[in-house]
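Since the structure comes first, as structure tokens, the remarks are kept for the end.
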Amino acid sequence: MDTTRSKDDQQLRELKTQVEELSRALQEMKRRLMLSEKSALLGQLVAGIAHEINTPLGALKSNSDLFMRYTFKIKAMLLDPESPGEVRENPAILKLFAEVEKLNRVNKEASDRIVEIVNGIRRYARKDECAPTQADLHEILNSTLAIVHHELKNRVIVHLSYQADPRIHCFPGQLSQIFVNLIVNASHAIEGRGEIFIKTYNRNSDAVVEIRDTGKGIPQSELARIFEAGFTTKKNGMGMGLALVKQMADNHRGQIEVESAVGAGTTFRIILPAGDLQE
Amino acid sequence: MTGLNEDNASVVLVDDEEMVLTSLSSFLTLETTYDVHTFTSAKTALKFIENNDVDIVISDYLMPEMDGITFLGKVRHVKPEIPRIILTGYADKENAIKAINEVGLYQYIEKPWDNDDLLITLRNGLEKQRLMKKLQEKIEQINKAYADLQGIHKEIVKTFV
């Protein structure tokens with residue numbers, strides 16, 4: 001009898017442990033689900049804001065262009081050989097024009113940059129895209145850089161070398177998310193100041209996007225696990241970034257190559273095959 | 001259009017946002033000699049189009065009382081010959097493209113727009129309308145000539161039979 005009971009007790013204890021483990025796993029899944037729902041909601045909100053900004057931004061962009069055109073016309077009228085010499089040769093007037101023209105240039109640059117950022121955000125936030133489309137690889141990279149600018153500025157210098165044929169049939173939102181993840185990771189790997197080299201080129205008919213950083217590098221022992229969901233070495237990391245990158249590269253029938261040396265930096269290469277993707 | 005002259009074409013702009021209208025009309029006033037009419041209400045714009053000669057219409061997509069596609073559909077109903085252009089934000093792009101076929105739009109322009117692109121689209125739209133008008137005139141001339149010919153043919157037959 002005693003042996004049966006202790007056997008039962010043993011089984012009960014095992015079951016209890018199993019239930020506890022399952023409940024922990026369930027808690028973790030619940031936490032992840034909440035986080036992903038939160039980020040989906042945030043994505044929608046951001047896409048909505050980007051859309052709302054377009055009307056006032058349209059007016060600003062157009063007006064900054066108009067100020068340049070009007071200044072040009074007014075200047076041409078005042079400096080016309082027909083107009084009186086005290087106007088034409090008045091150094092104060094010329095100085096005023098130089099100032100106005102300078103401000104107009106800055107306004108144009110500023111509004112162009114906002115347009116680029118909004119483009120980047122709406123492209124990035126478009127997770128729901130179901131059909132691949134024809135796009136420009138370098139435009140996607142540029143709009144991605146506009147939205148990660150705050151992460152890099154004054155600390156990381158980005159070097160661009162675009163050599164690939166930029167035409168690509170892809171999910172532009174997903175490509176943008178791949179690049180955001182890789183560039184932000186590269187930036188996180190850099191302690192203090194450093195550099196990121198972004199290069200595109202063609203290897204046979206494939207397009208290759210290479211992102212190299214001068215960061216701390218990934219130890220050989222971890223390299224095999226970086227694409228596993230849940231694997232992370234960051235303090236507050238979820239271990240989802242590179243797992244998603246892998247998934248999204250798969251959606252493009254793409255390959256990822258990684259080379260890393262501790263203390264020297266890491267290179268990621270996304271290899272995207274030519275040709276149309278299936279819907 | 002005032003005859004076949006593009007220079008004083010009558011342009012109707014519709015957007016519920018005054019700031020967009022101010023910017024667009026200022027640009028057209030600076031760079032063209034078009035006769036520009038702006039409306040924040042699609043209903044008022046429709047009345048104007050019914051009662052006046054208009055050569056081209058540009059309308060915003062998202063508007064409170066009537067969306068741009070419904071409005072341009074109504075414009076087509078009253079004056080099908082006027083080219084219609086929709087101004088749209090990125091999120092409505094797919095709907096806008098669908099509408100190009102459904103209500104026969106000439107073009108769509110994305111916000112934030114580029115002034116030079118906008119002018120090219122506008123000029124091409126007006127050019128298209130001018131050519132269509134010319135074509136219509138030629139067709140009428142041919143029809144008339146054909147009718148005259150038929151008449152002569154009958155006369156000839158009558159004379160000989």
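The way I read the labels, and the way they are meant: chains A, B, ... in the order of the structure tokens, residue 1 as the first residue of every chain, and ligand 1 as the first ligand shown, with later ones counted on from there.
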
I'd like the contact shell of stretch 66-69 of chain B - 9 Å cut-off, only C-alpha atoms, skipping same-chain residues fewer than 2 positions apart - returned as JSON, numbers by chain.
{"B": [14, 15, 41, 42, 43, 59, 60, 61, 62, 63, 64, 71, 72, 73, 74, 86, 87, 96, 99, 100, 103, 105]}

Interface, chain B side, toward chain A (12 Å; only C-alpha atoms) as a CSV table (one decimal) with all heavy atoms, in the first residue's frame:
chain,number,residue,atom,x,y,z
B,15,ASP,N,-12.0,71.8,-51.5
B,15,ASP,CA,-11.4,71.2,-50.3
B,15,ASP,C,-12.0,71.8,-49.1
B,15,ASP,O,-12.3,73.0,-49.1
B,15,ASP,CB,-9.8,71.4,-50.3
B,15,ASP,CG,-9.1,70.5,-49.4
B,15,ASP,OD1,-9.5,70.3,-48.2
B,15,ASP,OD2,-8.1,69.9,-49.8
B,16,ASP,N,-12.3,70.9,-48.1
B,16,ASP,CA,-12.9,71.5,-46.9
B,16,ASP,C,-11.9,72.3,-46.0
B,16,ASP,O,-12.3,73.0,-45.1
B,16,ASP,CB,-13.6,70.4,-46.0
B,16,ASP,CG,-12.6,69.4,-45.6
B,16,ASP,OD1,-11.8,68.9,-46.4
B,16,ASP,OD2,-12.6,69.0,-44.4
B,17,GLU,N,-10.6,72.1,-46.4
B,17,GLU,CA,-9.6,72.9,-45.7
B,17,GLU,C,-9.2,74.1,-46.4
B,17,GLU,O,-8.6,74.1,-47.5
B,17,GLU,CB,-8.3,72.0,-45.5
B,17,GLU,CG,-8.5,70.7,-44.7
B,17,GLU,CD,-8.3,71.0,-43.2
B,17,GLU,OE1,-8.0,72.1,-42.8
B,17,GLU,OE2,-8.3,70.0,-42.5
B,18,GLU,N,-9.5,75.3,-45.8
B,18,GLU,CA,-9.2,76.6,-46.4
B,18,GLU,C,-7.7,76.7,-46.8
B,18,GLU,O,-7.3,77.2,-47.8
B,18,GLU,CB,-9.6,77.7,-45.4
B,18,GLU,CG,-9.7,79.0,-46.0
B,18,GLU,CD,-11.0,79.3,-46.7
B,18,GLU,OE1,-12.1,79.1,-46.1
B,18,GLU,OE2,-11.0,79.7,-47.9
B,19,MET,N,-6.8,76.1,-45.9
B,19,MET,CA,-5.4,76.3,-46.1
B,19,MET,C,-4.9,75.7,-47.4
B,19,MET,O,-4.0,76.2,-48.1
B,19,MET,CB,-4.6,75.8,-44.9
B,19,MET,CG,-4.7,74.3,-44.6
B,19,MET,SD,-3.5,73.7,-43.4
B,19,MET,CE,-4.4,74.0,-41.9
B,20,VAL,N,-5.5,74.6,-47.8
B,20,VAL,CA,-5.2,73.9,-49.1
B,20,VAL,C,-5.6,74.8,-50.2
B,20,VAL,O,-4.9,75.0,-51.2
B,20,VAL,CB,-5.8,72.5,-49.1
B,20,VAL,CG1,-5.6,71.9,-50.5
B,20,VAL,CG2,-5.2,71.6,-48.1
B,21,LEU,N,-6.8,75.3,-50.1
B,21,LEU,CA,-7.4,76.2,-51.2
B,21,LEU,C,-6.5,77.4,-51.4
B,21,LEU,O,-6.2,77.8,-52.5
B,21,LEU,CB,-8.8,76.6,-50.9
B,21,LEU,CG,-9.8,75.4,-50.9
B,21,LEU,CD1,-11.2,75.9,-50.5
B,21,LEU,CD2,-9.9,74.8,-52.3
B,22,THR,N,-6.1,78.0,-50.3
B,22,THR,CA,-5.3,79.3,-50.3
B,22,THR,C,-4.0,79.0,-51.1
B,22,THR,O,-3.6,79.7,-52.0
B,22,THR,CB,-5.0,79.8,-48.9
B,22,THR,OG1,-6.2,79.8,-48.2
B,22,THR,CG2,-4.3,81.1,-49.0
B,23,SER,N,-3.4,77.9,-50.7
B,23,SER,CA,-2.1,77.5,-51.3
B,23,SER,C,-2.2,77.2,-52.8
B,23,SER,O,-1.5,77.8,-53.6
B,23,SER,CB,-1.5,76.4,-50.5
B,23,SER,OG,-0.2,76.1,-50.9
B,24,LEU,N,-3.2,76.4,-53.1
B,24,LEU,CA,-3.4,76.0,-54.5
B,24,LEU,C,-3.8,77.2,-55.4
B,24,LEU,O,-3.2,77.4,-56.5
B,24,LEU,CB,-4.5,75.0,-54.7
B,24,LEU,CG,-4.2,73.5,-54.2
B,24,LEU,CD1,-5.4,72.7,-54.3
B,24,LEU,CD2,-3.0,73.0,-55.0
B,25,SER,N,-4.7,78.1,-54.9
B,25,SER,CA,-5.1,79.2,-55.7
B,25,SER,C,-4.0,80.2,-55.9
B,25,SER,O,-3.8,80.8,-56.9
B,25,SER,CB,-6.4,79.8,-55.3
B,25,SER,OG,-6.2,80.3,-54.0
B,26,SER,N,-3.2,80.4,-54.8
B,26,SER,CA,-2.1,81.3,-54.9
B,26,SER,C,-1.1,80.8,-55.9
B,26,SER,O,-0.6,81.6,-56.7
B,26,SER,CB,-1.4,81.4,-53.5
B,26,SER,OG,-0.3,82.2,-53.6
B,27,PHE,N,-0.8,79.5,-55.9
B,27,PHE,CA,0.1,79.0,-56.9
B,27,PHE,C,-0.4,79.2,-58.3
B,27,PHE,O,0.3,79.6,-59.2
B,27,PHE,CB,0.3,77.5,-56.6
B,27,PHE,CG,1.1,76.8,-57.7
B,27,PHE,CD1,2.4,77.1,-58.0
B,27,PHE,CD2,0.5,75.7,-58.4
B,27,PHE,CE1,3.1,76.5,-59.0
B,27,PHE,CE2,1.2,75.1,-59.4
B,27,PHE,CZ,2.5,75.4,-59.7
B,28,LEU,N,-1.7,78.9,-58.6
B,28,LEU,CA,-2.2,79.0,-59.9
B,28,LEU,C,-2.3,80.5,-60.4
B,28,LEU,O,-2.1,80.8,-61.5
B,28,LEU,CB,-3.6,78.3,-60.0
B,28,LEU,CG,-3.6,76.8,-59.8
B,28,LEU,CD1,-5.0,76.2,-59.9
B,28,LEU,CD2,-2.7,76.2,-60.9
B,29,THR,N,-2.5,81.4,-59.4
B,29,THR,CA,-2.6,82.8,-59.7
B,29,THR,C,-1.2,83.3,-60.1
B,29,THR,O,-1.0,84.1,-61.0
B,29,THR,CB,-3.1,83.6,-58.5
B,29,THR,OG1,-4.3,83.0,-58.1
B,29,THR,CG2,-3.3,85.0,-58.9
B,30,LEU,N,-0.2,82.7,-59.4
B,30,LEU,CA,1.2,83.1,-59.7
B,30,LEU,C,1.7,82.6,-61.1
B,30,LEU,O,2.3,83.3,-61.8
B,30,LEU,CB,2.1,82.6,-58.6
B,30,LEU,CG,3.6,83.0,-58.8
B,30,LEU,CD1,3.8,84.5,-58.5
B,30,LEU,CD2,4.5,82.2,-57.8
B,31,GLU,N,1.4,81.4,-61.3
B,31,GLU,CA,2.0,80.7,-62.5
B,31,GLU,C,1.1,80.6,-63.7
B,31,GLU,O,1.6,80.2,-64.8
B,31,GLU,CB,2.5,79.3,-62.1
B,31,GLU,CG,3.6,79.3,-61.0
B,31,GLU,CD,4.9,79.8,-61.5
B,31,GLU,OE1,5.1,80.1,-62.7
B,31,GLU,OE2,5.8,80.0,-60.6
B,60,ASP,N,-10.7,67.4,-53.2
B,60,ASP,CA,-10.2,66.6,-52.1
B,60,ASP,C,-11.0,65.4,-51.9
B,60,ASP,O,-12.2,65.3,-52.4
B,60,ASP,CB,-10.2,67.5,-50.8
B,60,ASP,CG,-9.6,66.8,-49.6
B,60,ASP,OD1,-8.7,66.0,-49.8
B,60,ASP,OD2,-10.1,67.0,-48.5
B,61,TYR,N,-10.4,64.3,-51.3
B,61,TYR,CA,-11.2,63.1,-51.2
B,61,TYR,C,-12.1,63.1,-49.9
B,61,TYR,O,-13.3,63.1,-49.9
B,61,TYR,CB,-10.2,61.9,-51.2
B,61,TYR,CG,-10.9,60.5,-51.0
B,61,TYR,CD1,-12.2,60.4,-51.2
B,61,TYR,CD2,-10.1,59.4,-50.6
B,61,TYR,CE1,-12.8,59.1,-51.1
B,61,TYR,CE2,-10.7,58.2,-50.5
B,61,TYR,CZ,-12.0,58.0,-50.7
B,61,TYR,OH,-12.6,56.8,-50.5
B,62,LEU,N,-11.4,63.3,-48.7
B,62,LEU,CA,-12.1,63.2,-47.5
B,62,LEU,C,-12.7,64.6,-47.1
B,62,LEU,O,-12.0,65.5,-46.8
B,62,LEU,CB,-11.2,62.7,-46.3
B,62,LEU,CG,-11.0,61.3,-46.2
B,62,LEU,CD1,-10.1,61.0,-45.0
B,62,LEU,CD2,-12.3,60.5,-46.0
B,63,MET,N,-14.0,64.7,-47.2
B,63,MET,CA,-14.7,65.9,-46.9
B,63,MET,C,-16.0,65.6,-46.1
B,63,MET,O,-16.6,64.5,-46.3
B,63,MET,CB,-15.1,66.7,-48.1
B,63,MET,CG,-13.9,67.2,-48.9
B,63,MET,SD,-14.3,68.3,-50.2
B,63,MET,CE,-15.1,67.2,-51.4
B,87,LEU,N,-7.7,64.8,-55.2
B,87,LEU,CA,-6.5,65.1,-54.3
B,87,LEU,C,-6.7,64.1,-53.1
B,87,LEU,O,-7.7,64.2,-52.5
B,87,LEU,CB,-6.6,66.5,-53.9
B,87,LEU,CG,-5.4,67.2,-53.3
B,87,LEU,CD1,-4.2,67.1,-54.2
B,87,LEU,CD2,-5.7,68.7,-53.0
B,88,THR,N,-5.7,63.3,-52.9
B,88,THR,CA,-5.9,62.3,-51.9
B,88,THR,C,-4.7,62.1,-51.0
B,88,THR,O,-3.5,62.2,-51.4
B,88,THR,CB,-6.3,60.9,-52.5
B,88,THR,OG1,-6.1,59.9,-51.6
B,88,THR,CG2,-5.4,60.6,-53.7
B,89,GLY,N,-5.0,61.7,-49.7
B,89,GLY,CA,-3.9,61.3,-48.8
B,89,GLY,C,-3.5,59.8,-49.1
B,89,GLY,O,-4.2,59.1,-49.8
B,90,TYR,N,-2.4,59.4,-48.6
B,90,TYR,CA,-1.9,58.1,-48.9
B,90,TYR,C,-2.8,57.0,-48.5
B,90,TYR,O,-3.0,56.0,-49.3
B,90,TYR,CB,-0.6,57.9,-48.1
B,90,TYR,CG,0.2,56.7,-48.2
B,90,TYR,CD1,1.0,56.5,-49.4
B,90,TYR,CD2,0.0,55.6,-47.3
B,90,TYR,CE1,1.7,55.3,-49.5
B,90,TYR,CE2,0.7,54.5,-47.5
B,90,TYR,CZ,1.5,54.3,-48.6
B,90,TYR,OH,2.2,53.1,-48.7
B,91,ALA,N,-3.5,57.1,-47.4
B,91,ALA,CA,-4.3,56.0,-46.9
B,91,ALA,C,-5.5,55.7,-47.8
B,91,ALA,O,-6.0,54.6,-47.8
B,91,ALA,CB,-4.8,56.3,-45.5
B,92,ASP,N,-5.9,56.7,-48.6
B,92,ASP,CA,-7.1,56.6,-49.5
B,92,ASP,C,-6.7,56.2,-50.9
B,92,ASP,O,-7.5,56.1,-51.8
B,92,ASP,CB,-7.9,57.8,-49.5
B,92,ASP,CG,-7.9,58.6,-48.3
B,92,ASP,OD1,-8.1,58.0,-47.2
B,92,ASP,OD2,-7.7,59.8,-48.4
B,93,LYS,N,-5.4,56.0,-51.1
B,93,LYS,CA,-4.9,55.9,-52.4
B,93,LYS,C,-5.5,54.7,-53.2
B,93,LYS,O,-5.9,54.9,-54.3
B,93,LYS,CB,-3.4,55.6,-52.4
B,93,LYS,CG,-2.6,55.8,-53.7
B,93,LYS,CD,-1.1,55.8,-53.4
B,93,LYS,CE,-0.4,55.2,-54.5
B,93,LYS,NZ,1.0,55.0,-54.2
B,94,GLU,N,-5.7,53.6,-52.5
B,94,GLU,CA,-6.3,52.4,-53.2
B,94,GLU,C,-7.8,52.7,-53.6
B,94,GLU,O,-8.2,52.4,-54.7
B,94,GLU,CB,-6.3,51.2,-52.3
B,94,GLU,CG,-4.9,50.5,-52.5
B,94,GLU,CD,-4.7,49.5,-51.4
B,94,GLU,OE1,-5.6,48.9,-50.9
B,94,GLU,OE2,-3.5,49.3,-51.0
B,109,ILE,N,-4.0,63.0,-57.4
B,109,ILE,CA,-2.7,63.7,-57.0
B,109,ILE,C,-2.6,63.4,-55.5
B,109,ILE,O,-3.6,63.5,-54.7
B,109,ILE,CB,-2.8,65.2,-57.2
B,109,ILE,CG1,-2.9,65.5,-58.7
B,109,ILE,CG2,-1.6,66.0,-56.6
B,109,ILE,CD1,-3.2,67.0,-59.0
B,110,GLU,N,-1.4,63.0,-55.1
B,110,GLU,CA,-1.2,62.6,-53.7
B,110,GLU,C,-0.8,63.8,-52.8
B,110,GLU,O,0.0,64.7,-53.3
B,110,GLU,CB,-0.1,61.6,-53.6
B,110,GLU,CG,-0.6,60.2,-53.3
B,110,GLU,CD,0.5,59.2,-53.1
B,110,GLU,OE1,1.1,58.7,-54.1
B,110,GLU,OE2,0.9,59.0,-52.0
B,111,LYS,N,-1.3,63.9,-51.6
B,111,LYS,CA,-0.9,64.9,-50.6
B,111,LYS,C,0.3,64.3,-49.9
B,111,LYS,O,0.3,63.2,-49.5
B,111,LYS,CB,-2.0,65.2,-49.6
B,111,LYS,CG,-3.1,66.1,-50.1
B,111,LYS,CD,-4.0,66.3,-48.9
B,111,LYS,CE,-5.3,67.1,-49.3
B,111,LYS,NZ,-6.3,67.1,-48.2
B,112,PRO,N,1.3,65.1,-49.6
B,112,PRO,CA,1.5,66.5,-50.0
B,112,PRO,C,2.0,66.6,-51.4
B,112,PRO,O,2.9,65.8,-51.8
B,112,PRO,CB,2.7,66.9,-49.0
B,112,PRO,CG,3.4,65.6,-48.6
B,112,PRO,CD,2.4,64.5,-48.7
B,113,TRP,N,1.3,67.4,-52.2
B,113,TRP,CA,1.6,67.5,-53.6
B,113,TRP,C,2.8,68.3,-53.9
B,113,TRP,O,3.3,69.1,-53.1
B,113,TRP,CB,0.4,68.1,-54.3
B,113,TRP,CG,0.1,69.5,-54.0
B,113,TRP,CD1,0.5,70.6,-54.7
B,113,TRP,CD2,-0.5,70.0,-52.8
B,113,TRP,NE1,0.2,71.7,-54.0
B,113,TRP,CE2,-0.5,71.4,-52.9
B,113,TRP,CE3,-1.2,69.4,-51.7
B,113,TRP,CZ2,-1.0,72.3,-51.9
B,113,TRP,CZ3,-1.8,70.3,-50.8
B,113,TRP,CH2,-1.7,71.7,-50.9
B,114,ASP,N,3.3,68.1,-55.2
B,114,ASP,CA,4.4,68.9,-55.7
B,114,ASP,C,3.8,69.9,-56.7
B,114,ASP,O,3.0,69.5,-57.6
B,114,ASP,CB,5.4,68.0,-56.4
B,114,ASP,CG,6.6,68.8,-57.0
B,114,ASP,OD1,7.5,69.1,-56.2
B,114,ASP,OD2,6.5,69.2,-58.2
B,115,ASN,N,4.0,71.2,-56.5
B,115,ASN,CA,3.4,72.2,-57.4
B,115,ASN,C,3.6,72.0,-58.9
B,115,ASN,O,2.7,72.1,-59.7
B,115,ASN,CB,3.8,73.6,-57.0
B,115,ASN,CG,3.1,74.1,-55.7
B,115,ASN,OD1,2.0,73.7,-55.4
B,115,ASN,ND2,3.8,74.9,-54.9
B,116,ASP,N,4.9,71.7,-59.2
B,116,ASP,CA,5.2,71.5,-60.7
B,116,ASP,C,4.4,70.3,-61.2
B,116,ASP,O,3.8,70.4,-62.3
B,116,ASP,CB,6.7,71.3,-60.9
B,116,ASP,CG,7.4,72.6,-60.7
B,116,ASP,OD1,6.8,73.7,-61.1
B,116,ASP,OD2,8.5,72.6,-60.2
B,117,ASP,N,4.4,69.2,-60.4
B,117,ASP,CA,3.6,68.0,-60.9
B,117,ASP,C,2.1,68.3,-61.1
B,117,ASP,O,1.5,67.9,-62.0
B,117,ASP,CB,3.7,66.9,-59.9
B,117,ASP,CG,5.1,66.2,-59.9
B,117,ASP,OD1,5.9,66.6,-60.8
B,117,ASP,OD2,5.4,65.5,-58.9
B,118,LEU,N,1.6,69.1,-60.1
B,118,LEU,CA,0.2,69.5,-60.1
B,118,LEU,C,-0.1,70.3,-61.4
B,118,LEU,O,-1.1,70.0,-62.1
B,118,LEU,CB,-0.1,70.3,-58.9
B,118,LEU,CG,-1.6,70.8,-58.8
B,118,LEU,CD1,-2.2,70.1,-57.6
B,118,LEU,CD2,-1.7,72.3,-58.6

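All residues of protein, DNA or RNA that reach within 9 Å of stretch 121-123 of chain B, judged by only C-alpha atoms and not counting those fewer than 5 positions away in the chain, are B:Glu6, B:Ile56, B:Ile58, B:Ile85, B:Gln107, B:Tyr108, B:Ile109, B:Asp116, B:Lys128.
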
Can you list, as a ChimeraX atom specification, every protein, DNA or RNA residue that comes within 7 Å of A:Ala186 when you count only C-alpha atoms, leaving out same-chain residues fewer than 4 positions away?
/A:182,190,213,215

Selection export as a short mmCIF file (atom, residue, chain, number, x, y, z; two decimals), in the first residue's frame, atoms kept: N, CA, C and O atoms:
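Wrote again.cif, looks like this:
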data_model
loop_
_atom_site.label_atom_id
_atom_site.label_comp_id
_atom_site.auth_asym_id
_atom_site.auth_seq_id
_atom_site.Cartn_x
_atom_site.Cartn_y
_atom_site.Cartn_z
N LEU A 182 17.50 46.15 -38.22
CA LEU A 182 18.94 45.95 -38.36
C LEU A 182 19.72 47.22 -38.02
O LEU A 182 20.78 47.16 -37.38
N ILE A 190 26.70 49.72 -30.85
CA ILE A 190 27.78 50.72 -30.76
C ILE A 190 27.69 51.43 -29.41
O ILE A 190 26.68 52.07 -29.11
N ASP A 213 28.27 47.42 -38.90
CA ASP A 213 28.50 48.40 -37.83
C ASP A 213 29.87 48.20 -37.21
O ASP A 213 30.50 47.16 -37.38
N GLY A 215 30.31 48.14 -34.00
CA GLY A 215 29.91 47.91 -32.61
C GLY A 215 30.69 46.79 -31.93
O GLY A 215 31.74 46.36 -32.43
#

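Using only C-alpha atoms, the protein and nucleic acid residues lying no more than 9 Å from A:Leu79, apart from those fewer than 5 places from it along its own chain, are Ile74, Pro84, Gly85, Val87, Arg88 and Glu89 of chain A.
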
Write the residues of the selection above to a file with N, CA, C and O atoms, as a short mmCIF file (atom, residue, chain, number, x, y, z; two decimals), in the first residue's frame.
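Saved the output as part-v8.cif:
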data_model
loop_
_atom_site.label_atom_id
_atom_site.label_comp_id
_atom_site.auth_asym_id
_atom_site.auth_seq_id
_atom_site.Cartn_x
_atom_site.Cartn_y
_atom_site.Cartn_z
N ILE A 74 9.61 89.08 -57.18
CA ILE A 74 9.75 90.42 -56.62
C ILE A 74 11.17 90.94 -56.84
O ILE A 74 11.37 92.10 -57.23
N PRO A 84 14.66 102.36 -60.62
CA PRO A 84 15.64 103.40 -60.24
C PRO A 84 16.88 102.84 -59.56
O PRO A 84 16.81 101.83 -58.85
N GLY A 85 18.01 103.48 -59.82
CA GLY A 85 19.31 103.04 -59.32
C GLY A 85 19.35 102.90 -57.82
O GLY A 85 19.95 101.96 -57.29
N VAL A 87 17.15 101.91 -55.91
CA VAL A 87 16.54 100.63 -55.52
C VAL A 87 17.46 99.48 -55.93
O VAL A 87 17.81 98.62 -55.13
N ARG A 88 17.87 99.52 -57.22
CA ARG A 88 18.67 98.43 -57.79
C ARG A 88 19.97 98.21 -57.04
O ARG A 88 20.40 97.08 -56.84
N GLU A 89 20.62 99.34 -56.65
CA GLU A 89 21.95 99.21 -56.05
C GLU A 89 21.95 99.40 -54.55
O GLU A 89 23.01 99.53 -53.93
#

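In the backbone-derived DSSP annotation, strand (DSSP E) within stretch 3-151 of chain B comprises Ser10, Val11, Val12, Leu13, Val14, Asp35, Val36, His37, Thr38, Phe39, Ile56, Val57, Ile58, Ser59, Asp60, Arg84, Ile85, Ile86, Leu87, Thr88, Gln107, Tyr108, Ile109 and Glu110 of chain B.
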
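Excluding B:Val78 itself and any same-chain residue fewer than 3 positions from it, the protein and nucleic acid residues within 12 Å of it, counting only C-alpha atoms, are Leu46, Lys47, Phe48, Ile49, Glu50, Asn51, Asn52, Asp53, Val54, Phe71, Leu72, Gly73, Lys74, Val75, Glu81 and Ile82 of chain B.
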